[in-house]
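To start, the structure itself, in structure tokens.
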Amino acid sequence: MNPKGNLRVRTLSLVVLMVLCTSTGDILLKGGMRRIGPVRFEPAALASTFAKTVTSGMIWLGIACLLSAMMCYLMLLSWADYSYVMPASSFGYAVVALMGVLVLREDVTSVRWAGVALICLGVALVGRTEPRTTRAS
């Protein structure tokens, strides 16, 4: 495989992994906070919510997923253009909407799906370009 093709495969693979880790982490945090309940801005309530949050396995698993996503993001930024990585990572909005419906049983309106479709179109356009257009320093 040529170096440009190898860079594209490596970059797309890491973007997919980053999006999955980010989306999973976000869904886990939402699920964990759903179990904890609404946050009230009173000193005693905040202390109780804090204690529940730092002892929640679901919250910690979500944080671990988000840390994994950050590591993928940093690796991507070390070799791919920022103008490629950020738009490509926006595909996560579609994944989160889908996971919201499938995992959290949320209702997503047709207007939101239309917005997600526009985001996916933008990601598809960016994905057709080279991951790196500048010389490596």
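Chain labels run A, B, ... following the order of the structure tokens; each chain numbers its residues from 1, and ligands are numbered from 1 in the order shown.
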
- Among range 17-105 of chain A, which ones does DSSP place in alpha helix (DSSP H), written as a VMD selection string? chain A and resid 17 to 36 43 to 54 57 to 79 82 to 89 92 to 102

Enumerate, in order of chain and increasing residue number, the residues of range 20-53 of chain A with an atom no farther than 7 Å from range 60-67 of chain A, each with its shortest atom pair and distance in Å to one decimal, counting only C-alpha atoms, as JSON lines.
```
{"residue": "A:Cys21", "atom": "CA", "partner": "A:Cys65", "partner_atom": "CA", "distance": 5.1}
{"residue": "A:Thr22", "atom": "CA", "partner": "A:Leu66", "partner_atom": "CA", "distance": 5.3}
{"residue": "A:Thr24", "atom": "CA", "partner": "A:Cys65", "partner_atom": "CA", "distance": 6.7}
{"residue": "A:Gly25", "atom": "CA", "partner": "A:Gly62", "partner_atom": "CA", "distance": 3.9}
{"residue": "A:Asp26", "atom": "CA", "partner": "A:Gly62", "partner_atom": "CA", "distance": 6.5}
{"residue": "A:Leu28", "atom": "CA", "partner": "A:Gly62", "partner_atom": "CA", "distance": 4.9}
{"residue": "A:Leu29", "atom": "CA", "partner": "A:Gly62", "partner_atom": "CA", "distance": 5.3}
```

- So which one's closest to Met71 in chain A, A:Val39, A:Ala124, A:Val15, A:Met86? Using only C-alpha atoms, please. A:Val15

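Separating CA of Leu76 in chain A from CA of Gly115 in chain A is a distance of 26.0 Å.
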
- Query: Which residue out of A:Tyr84, A:Leu104, A:Gly57, A:Met70 has the minimum interatomic distance to Arg128 in chain A when only C-alpha atoms are used?
  - Reply: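 Looking at the shortest contact to Arg128 in chain A, the residue is A:Tyr84.
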
- Query: range 92-102 of chain A: which residues within 10 Å, counting only C-alpha atoms, same-chain residues fewer than 2 positions away excluded, as an NGL selection string?
  - Reply: :A and (15-16 or 18-27 or 30-31 or 87-90 or 104-108 or 112-113 or 115-120)

- Rounded to one decimal place, report the CA of Arg35 in chain A-CA of Ile59 in chain A distance in Å.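 Taking CA of Arg35 in chain A as the start and CA of Ile59 in chain A as the end point, the length is 10.1 Å.
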
- Query: Pick the closest to Ser83 in chain A from A:Thr109, A:Asn6, A:Ser48, A:Thr129: which is it, counting only C-alpha atoms?
  - Reply: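 Smallest separation from Ser83 in chain A among the options: A:Thr129.
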
Spatial neighbours of range 49-52 of chain A, 12 Å, only C-alpha atoms, chain gap at least 2 places, as an mmCIF file with N, CA, C and O atoms, in the first residue's frame:
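Saved the output as selection.cif:
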```
data_model
loop_
_atom_site.group_PDB
_atom_site.id
_atom_site.type_symbol
_atom_site.label_atom_id
_atom_site.label_comp_id
_atom_site.auth_asym_id
_atom_site.auth_seq_id
_atom_site.Cartn_x
_atom_site.Cartn_y
_atom_site.Cartn_z
ATOM 1 N N GLY A 32 -25.449 7.431 33.554
ATOM 2 C CA GLY A 32 -25.069 7.557 34.959
ATOM 3 C C GLY A 32 -25.775 8.714 35.638
ATOM 4 O O GLY A 32 -26.266 8.587 36.761
ATOM 5 N N MET A 33 -25.852 9.848 34.954
ATOM 6 C CA MET A 33 -26.530 11.010 35.546
ATOM 7 C C MET A 33 -28.033 10.797 35.605
ATOM 8 O O MET A 33 -28.696 11.302 36.504
ATOM 9 N N ARG A 34 -28.570 10.033 34.677
ATOM 10 C CA ARG A 34 -30.001 9.706 34.733
ATOM 11 C C ARG A 34 -30.294 8.901 36.001
ATOM 12 O O ARG A 34 -31.309 9.115 36.659
ATOM 13 N N ARG A 35 -29.380 7.980 36.354
ATOM 14 C CA ARG A 35 -29.542 7.198 37.585
ATOM 15 C C ARG A 35 -29.398 8.066 38.834
ATOM 16 O O ARG A 35 -30.076 7.834 39.843
ATOM 17 N N ILE A 36 -28.493 9.025 38.789
ATOM 18 C CA ILE A 36 -28.249 9.891 39.946
ATOM 19 C C ILE A 36 -29.407 10.862 40.148
ATOM 20 O O ILE A 36 -29.804 11.141 41.270
ATOM 21 N N GLY A 37 -29.936 11.364 39.062
ATOM 22 C CA GLY A 37 -31.074 12.281 39.156
ATOM 23 C C GLY A 37 -30.662 13.721 38.923
ATOM 24 O O GLY A 37 -29.485 14.036 38.764
ATOM 25 N N PRO A 38 -31.651 14.615 38.918
ATOM 26 C CA PRO A 38 -31.375 16.024 38.646
ATOM 27 C C PRO A 38 -30.462 16.635 39.716
ATOM 28 O O PRO A 38 -30.534 16.290 40.894
ATOM 29 N N VAL A 39 -29.624 17.557 39.285
ATOM 30 C CA VAL A 39 -28.720 18.252 40.193
ATOM 31 C C VAL A 39 -29.424 19.515 40.694
ATOM 32 O O VAL A 39 -29.889 20.329 39.903
ATOM 33 N N ARG A 40 -29.493 19.631 42.017
ATOM 34 C CA ARG A 40 -30.065 20.831 42.632
ATOM 35 C C ARG A 40 -28.915 21.685 43.146
ATOM 36 O O ARG A 40 -27.959 21.169 43.726
ATOM 37 N N PHE A 41 -29.026 22.983 42.962
ATOM 38 C CA PHE A 41 -27.948 23.891 43.350
ATOM 39 C C PHE A 41 -28.133 24.399 44.769
ATOM 40 O O PHE A 41 -28.318 25.581 45.018
ATOM 41 N N GLU A 42 -28.051 23.465 45.697
ATOM 42 C CA GLU A 42 -28.073 23.760 47.128
ATOM 43 C C GLU A 42 -26.879 23.022 47.722
ATOM 44 O O GLU A 42 -26.559 21.911 47.284
ATOM 45 N N PRO A 43 -26.206 23.606 48.711
ATOM 46 C CA PRO A 43 -24.973 22.986 49.221
ATOM 47 C C PRO A 43 -25.111 21.508 49.596
ATOM 48 O O PRO A 43 -24.290 20.682 49.183
ATOM 49 N N ALA A 44 -26.114 21.153 50.343
ATOM 50 C CA ALA A 44 -26.270 19.751 50.759
ATOM 51 C C ALA A 44 -26.565 18.856 49.560
ATOM 52 O O ALA A 44 -26.020 17.747 49.455
ATOM 53 N N ALA A 45 -27.405 19.329 48.652
ATOM 54 C CA ALA A 45 -27.749 18.543 47.466
ATOM 55 C C ALA A 45 -26.531 18.374 46.559
ATOM 56 O O ALA A 45 -26.317 17.290 46.001
ATOM 57 N N LEU A 46 -25.735 19.426 46.412
ATOM 58 C CA LEU A 46 -24.528 19.328 45.574
ATOM 59 C C LEU A 46 -23.543 18.327 46.169
ATOM 60 O O LEU A 46 -22.937 17.546 45.438
ATOM 61 N N ALA A 47 -23.388 18.352 47.474
ATOM 62 C CA ALA A 47 -22.475 17.405 48.127
ATOM 63 C C ALA A 47 -22.953 15.974 47.918
ATOM 64 O O ALA A 47 -22.151 15.076 47.625
ATOM 65 N N VAL A 54 -19.038 10.457 42.057
ATOM 66 C CA VAL A 54 -17.683 9.884 42.121
ATOM 67 C C VAL A 54 -17.684 8.416 42.531
ATOM 68 O O VAL A 54 -16.652 7.753 42.444
ATOM 69 N N THR A 55 -18.829 7.897 42.951
ATOM 70 C CA THR A 55 -18.901 6.472 43.294
ATOM 71 C C THR A 55 -19.672 5.664 42.251
ATOM 72 O O THR A 55 -19.906 4.475 42.438
ATOM 73 N N SER A 56 -20.030 6.307 41.143
ATOM 74 C CA SER A 56 -20.790 5.627 40.094
ATOM 75 C C SER A 56 -19.846 4.937 39.111
ATOM 76 O O SER A 56 -19.021 5.589 38.446
ATOM 77 N N GLY A 57 -19.996 3.629 39.002
ATOM 78 C CA GLY A 57 -19.194 2.878 38.029
ATOM 79 C C GLY A 57 -19.477 3.303 36.598
ATOM 80 O O GLY A 57 -18.568 3.354 35.760
ATOM 81 N N MET A 58 -20.731 3.632 36.309
ATOM 82 C CA MET A 58 -21.094 4.043 34.961
ATOM 83 C C MET A 58 -20.409 5.367 34.599
ATOM 84 O O MET A 58 -19.929 5.540 33.477
ATOM 85 N N ILE A 59 -20.346 6.278 35.555
ATOM 86 C CA ILE A 59 -19.662 7.555 35.319
ATOM 87 C C ILE A 59 -18.183 7.317 35.064
ATOM 88 O O ILE A 59 -17.607 7.867 34.119
ATOM 89 N N TRP A 60 -17.543 6.487 35.873
ATOM 90 C CA TRP A 60 -16.114 6.213 35.693
ATOM 91 C C TRP A 60 -15.829 5.500 34.376
ATOM 92 O O TRP A 60 -14.816 5.782 33.722
#
```

- Identify, on the basis of only C-alpha atoms, every residue whose closest approach to Arg132 in chain A does not exceed 7 Å; exclude the query and any residue fewer than 2 positions from it along the same chain; express the result as JSON, numbers by chain. {"A": [80, 81, 130, 134]}

- Report the distance between CA of Leu7 in chain A and CA of Pro131 in chain A in Å, rounded to one decimal place.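 That distance, rounded to one decimal, is 7.4 Å.
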